[in-house]
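Working notes for the structure below.
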Amino acid sequence: METFFYLAKDKNSKTRRGRIQTSSREEAIKLLQAQDLYIISLKKIEKVQERKSYLSAQRFSHSRIKLEDLALFARQLATLLASGVPLLRSLEIVVSQCASRKLAGVLLNMVEDIRGGLSLTESVGKYPAVFSSLWKGLIDTGEASGNLSQVLEKLAGYLEMREEFLRRLISAITYPAVLLVAATGALLFFSLIILPKFQEIFSQFKVKLPFLTQWMFDIVTFVRTKFFWILGVIVILGIGLRFFVKSSGGREFLDRLKLKLPFLKDFFYAYFLERFSSTAYILFESGVTVVYALDVIQKSIGNRVLEETLGKVKEAVKAGKPLSGELAKAGIFPPMLVEMTTVGEEVGNFPEMFSRLARHYQTALTTKVERFTSFFEPAMILFMGVTIGVIVISLFMPLFQLASVVK
């Protein structure tokens, strides 16, 4: 069997593209014509190329590529296409200037895909770990409408906006994270280095230890003597948890837990609203339909519980019901988002409404994180002060007894 990539028009003049497997080129033409398709191009995809592309997809499936590199790629490709440079040549130019080795590796294989007759949408779809469903959806829209450069320009702006937003979030949590690591390091230093020396001194002079001091020394002794056992248990639990989370049931359990934990659920919910609004904005700005936008958002939201809810909304909208009413019925969207959606339906301006919502929820999420860090910092300092104070007191109490013994 041979594989062919075809580009054709149907009886409604809509562009159709895809792959077809037949025993020969002539049979492929007959099968396509039997579907009332007017063939524009039909190219054979070599087996070596298919295998190479598959291996490349596997190789880069776990690679982490920075958001700023993806934004720069979208911006450069949009600029080249807008200047009239063909897609294949544009990709070759971007690859030659790409500073990210991981992204350059993916783009090199995309160049081979395009040479082999694949569309940019199909090529991007081979790397789901690099290009999200949002990329695939927008590029598909751009290719179908003939406005690929404009869509990529909007995508680049969206990615740059998200990169700046995520940078602000990371900046807000960096200091508390450093403080937590420093506090943990200080406690380990006291527990494993300082306290054993005092324990040895008190043991030599046979000082009767107060309950607090003895309790603390018992904990330190247990940790030191059972350190590798404890480390092994932690590693095993970590590996087990990783496999559990990757399983279907474990993933769903974790997603439900995120939305029920008393303190963390507010952060996950705020992040969902921000992600929903910002993704909806860029999709509607690019001119996609409501159903198509909901389909892309559902695939990119990253929570199975919320995906299920959005799936129900999508099916209802597909049946002809208004988006605002279905969002209200879903029970997970706040009144402001529902009202803004209603206004967008009435005036026919979804992009403007969701742009405002995206900015609002970005500010709300950033504020939540900043409030948490403003509470966490003094709480951590207080905890460290109390802990070190208890350690110092527990050491000074037997020191007084030791002084009397020496006298």
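Ligands are numbered from 1 in the order shown, residues from 1 within each chain, and chains are lettered A, B, ... in the order they appear in the structure tokens.
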- Query: Could you pull out all residues of region 38-159 of chain A with a DSSP call of strand (DSSP E or B) and give them as a VMD selection string?
  - Reply: chain A and resid 38 to 45
Could those residues be written to a file, using N, CA and C atoms, as a compact mmCIF listing (two decimals), in the first residue's frame?
# COMPACT_ATOMS: atom_id res chain seq x y z
N TYR A 38 -12.61 17.50 -6.59
CA TYR A 38 -11.79 17.95 -7.71
C TYR A 38 -10.35 18.03 -7.21
N ILE A 39 -9.48 17.19 -7.75
CA ILE A 39 -8.11 17.06 -7.25
C ILE A 39 -7.24 18.22 -7.74
N ILE A 40 -6.64 18.92 -6.78
CA ILE A 40 -5.70 20.00 -7.11
C ILE A 40 -4.28 19.46 -7.16
N SER A 41 -3.93 18.66 -6.15
CA SER A 41 -2.60 18.04 -6.14
C SER A 41 -2.68 16.70 -5.42
N LEU A 42 -1.80 15.78 -5.84
CA LEU A 42 -1.74 14.45 -5.24
C LEU A 42 -0.27 14.04 -5.20
N LYS A 43 0.29 13.95 -3.98
CA LYS A 43 1.72 13.65 -3.84
C LYS A 43 1.92 12.40 -3.00
N LYS A 44 2.84 11.57 -3.46
CA LYS A 44 3.17 10.35 -2.73
C LYS A 44 4.07 10.67 -1.55
N ILE A 45 3.75 10.07 -0.40
CA ILE A 45 4.57 10.24 0.81
C ILE A 45 5.43 9.00 0.96
- Could you give me, as JSON, numbers by chain, each residue of region 32-210 of chain A that DSSP assigns to helix (DSSP H, G or I) when run on this structure's backbone? {"A": [32, 33, 34, 47, 48, 49, 50, 51, 52, 53, 54, 55, 56, 57, 58, 59, 67, 68, 69, 70, 71, 72, 73, 74, 75, 76, 77, 78, 79, 80, 81, 82, 87, 88, 89, 90, 91, 92, 93, 94, 95, 96, 97, 101, 102, 103, 104, 105, 106, 107, 108, 109, 110, 111, 112, 113, 114, 115, 120, 121, 122, 123, 124, 125, 133, 134, 135, 136, 137, 138, 139, 140, 141, 142, 143, 144, 145, 148, 149, 150, 151, 152, 153, 154, 155, 156, 157, 158, 159, 160, 161, 162, 163, 164, 165, 166, 167, 168, 169, 170, 171, 172, 173, 174, 175, 176, 177, 178, 179, 180, 181, 182, 183, 184, 185, 186, 187, 188, 189, 190, 191, 192, 193, 194, 195, 196, 197, 198, 199, 200, 201, 202, 203, 204]}
- Query: Any idea what's packed within 6 Å of Gly117 (chain A), counting only C-alpha atoms, ignoring anything in its chain fewer than 2 positions away? Could you give it as a PyMOL selection string?
  - Reply: chain A and resi 5+114-115
Go ahead and save the picked residues with C-alpha atoms, as a PDB file, in the first residue's frame.
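New file again.pdb:
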ATOM      1  CA  PHE A   5      -1.360  13.425   0.371  1.00  0.00           C
ATOM      2  CA  ILE A 114       5.799  20.457   3.913  1.00  0.00           C
ATOM      3  CA  ARG A 115       8.128  19.192   1.180  1.00  0.00           C
TER       4      ARG A 115
END
- If we count only C-alpha atoms, what is near Lys329 (chain A) at a cut-off of 12 Å, once residues fewer than 2 positions away on the same chain are taken out, given as a list in words? Thr309, Leu310, Lys312, Val313, Ala316, Lys321, Pro322, Leu323, Ser324, Gly325, Glu326, Leu327, Gly331, Ile332, Phe333, Pro334, Pro335 and Val338 of chain A
For the residues in the current selection, export N, CA and C atoms as a short mmCIF file (atom, residue, chain, number, x, y, z; two decimals), in the first residue's frame.
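The resulting file, part03.cif, is reproduced below:
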data_model
loop_
_atom_site.label_atom_id
_atom_site.label_comp_id
_atom_site.auth_asym_id
_atom_site.auth_seq_id
_atom_site.Cartn_x
_atom_site.Cartn_y
_atom_site.Cartn_z
N THR A 309 -17.58 19.34 31.32
CA THR A 309 -18.59 20.40 31.37
C THR A 309 -18.61 21.20 30.08
N LEU A 310 -17.43 21.55 29.57
CA LEU A 310 -17.35 22.30 28.32
C LEU A 310 -17.86 21.47 27.14
N LYS A 312 -20.38 19.41 27.25
CA LYS A 312 -21.84 19.53 27.28
C LYS A 312 -22.29 20.88 26.72
N VAL A 313 -21.54 21.94 27.07
CA VAL A 313 -21.86 23.27 26.54
C VAL A 313 -21.72 23.27 25.02
N ALA A 316 -24.61 21.51 23.28
CA ALA A 316 -25.84 22.32 23.34
C ALA A 316 -25.79 23.46 22.33
N LYS A 321 -28.48 26.27 20.64
CA LYS A 321 -28.76 27.07 21.83
C LYS A 321 -27.70 28.16 22.00
N PRO A 322 -28.07 29.30 22.61
CA PRO A 322 -27.11 30.41 22.78
C PRO A 322 -26.01 30.07 23.77
N LEU A 323 -24.81 30.58 23.50
CA LEU A 323 -23.65 30.29 24.34
C LEU A 323 -23.85 30.81 25.76
N SER A 324 -24.35 32.03 25.90
CA SER A 324 -24.49 32.63 27.23
C SER A 324 -25.40 31.79 28.13
N GLY A 325 -26.51 31.31 27.57
CA GLY A 325 -27.43 30.50 28.36
C GLY A 325 -26.81 29.20 28.82
N GLU A 326 -26.02 28.58 27.96
CA GLU A 326 -25.38 27.30 28.31
C GLU A 326 -24.26 27.50 29.32
N LEU A 327 -23.55 28.63 29.23
CA LEU A 327 -22.52 28.93 30.23
C LEU A 327 -23.15 29.13 31.61
N GLY A 331 -22.87 26.16 35.52
CA GLY A 331 -22.66 26.30 36.95
C GLY A 331 -21.23 26.56 37.38
N ILE A 332 -20.31 26.72 36.44
CA ILE A 332 -18.91 26.97 36.81
C ILE A 332 -18.43 28.34 36.37
N PHE A 333 -19.29 29.09 35.70
CA PHE A 333 -18.91 30.41 35.21
C PHE A 333 -19.58 31.50 36.04
N PRO A 334 -18.82 32.51 36.47
CA PRO A 334 -19.39 33.59 37.29
C PRO A 334 -20.36 34.45 36.49
N PRO A 335 -21.26 35.16 37.18
CA PRO A 335 -22.26 35.98 36.49
C PRO A 335 -21.66 37.01 35.54
N VAL A 338 -20.87 35.45 32.22
CA VAL A 338 -22.11 35.13 31.51
C VAL A 338 -22.72 36.40 30.92
#
- Find the residues around Ser133 (chain A) up to 7 Å (only C-alpha atoms counted), leave out those fewer than 5 positions away in its own chain, and share them as a ChimeraX atom specification. /A:296,299-300
- Query: Which one is closest to Pro378 (chain A): A:Ile139, A:Leu180, A:Leu159, A:Ala172? Count only C-alpha atoms.
  - Reply: A:Leu180
- Pairwise distance, CA of Met110 (chain A) with CA of Phe4 (chain A), equals 17.3 Å
With only C-alpha atoms counted and 12 Å as the cut-off, give the residues of region 160-233 of chain A in contact with region 394-401 of chain A, each with its shortest interatomic distance in Å and the pair that gives it, as a tab-separated table.
residue	atom	partner	partner_atom	distance
A:Phe190	CA	A:Leu395	CA	11.5
A:Ile194	CA	A:Leu395	CA	10.4
A:Leu195	CA	A:Leu395	CA	8.4
A:Pro196	CA	A:Leu395	CA	11.2
A:Lys197	CA	A:Leu395	CA	11.0
A:Phe198	CA	A:Leu395	CA	7.6
A:Gln199	CA	A:Leu395	CA	9.2
A:Ile201	CA	A:Leu399	CA	9.8
A:Phe202	CA	A:Pro398	CA	7.7
A:Ser203	CA	A:Pro398	CA	10.9
A:Phe205	CA	A:Gln401	CA	10.0
A:Lys206	CA	A:Gln401	CA	10.2
A:Val207	CA	A:Gln401	CA	6.9
A:Lys208	CA	A:Pro398	CA	7.4
A:Leu209	CA	A:Pro398	CA	5.9
A:Pro210	CA	A:Pro398	CA	6.9
A:Phe211	CA	A:Ser394	CA	8.9
A:Leu212	CA	A:Ser394	CA	6.0
A:Thr213	CA	A:Ser394	CA	4.9
A:Gln214	CA	A:Ser394	CA	8.7
A:Trp215	CA	A:Ser394	CA	9.6
A:Met216	CA	A:Ser394	CA	8.1
A:Phe217	CA	A:Ser394	CA	9.8
- Query: Which residue, A:Met161, A:Leu231, A:Phe268, A:Thr387, has the smallest gap to Ala358 (chain A) when you use only C-alpha atoms?
  - Reply: A:Met161
Quick one: everything within 9 Å of Asp69 (chain A), counting only C-alpha atoms, minus sequence neighbours fewer than 4 positions away in the same chain. Send it as a PDB file with N, CA and C atoms, in the first residue's frame.
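Printed below is out_14.pdb as written:
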ATOM      1  N   ILE A  65       9.755  23.342  25.365  1.00  0.00           N
ATOM      2  CA  ILE A  65      10.190  24.496  24.592  1.00  0.00           C
ATOM      3  C   ILE A  65       9.564  25.738  25.201  1.00  0.00           C
ATOM      4  N   PHE A  73       8.752  32.359  17.027  1.00  0.00           N
ATOM      5  CA  PHE A  73       8.547  31.577  15.805  1.00  0.00           C
ATOM      6  C   PHE A  73       7.285  32.025  15.075  1.00  0.00           C
ATOM      7  N   ALA A  74       6.183  32.176  15.814  1.00  0.00           N
ATOM      8  CA  ALA A  74       4.919  32.610  15.204  1.00  0.00           C
ATOM      9  C   ALA A  74       5.054  34.004  14.601  1.00  0.00           C
ATOM     10  N   CYS A  98      16.788  30.178  14.246  1.00  0.00           N
ATOM     11  CA  CYS A  98      16.218  29.728  15.523  1.00  0.00           C
ATOM     12  C   CYS A  98      17.321  29.469  16.547  1.00  0.00           C
ATOM     13  N   ALA A  99      17.212  30.104  17.718  1.00  0.00           N
ATOM     14  CA  ALA A  99      18.221  29.952  18.773  1.00  0.00           C
ATOM     15  C   ALA A  99      17.968  28.721  19.633  1.00  0.00           C
ATOM     16  N   SER A 100      16.733  28.238  19.660  1.00  0.00           N
ATOM     17  CA  SER A 100      16.385  27.065  20.461  1.00  0.00           C
ATOM     18  C   SER A 100      16.666  25.791  19.665  1.00  0.00           C
ATOM     19  N   LEU A 103      13.460  23.525  19.423  1.00  0.00           N
ATOM     20  CA  LEU A 103      12.483  24.007  18.456  1.00  0.00           C
ATOM     21  C   LEU A 103      13.019  23.871  17.040  1.00  0.00           C
TER      22      LEU A 103
END
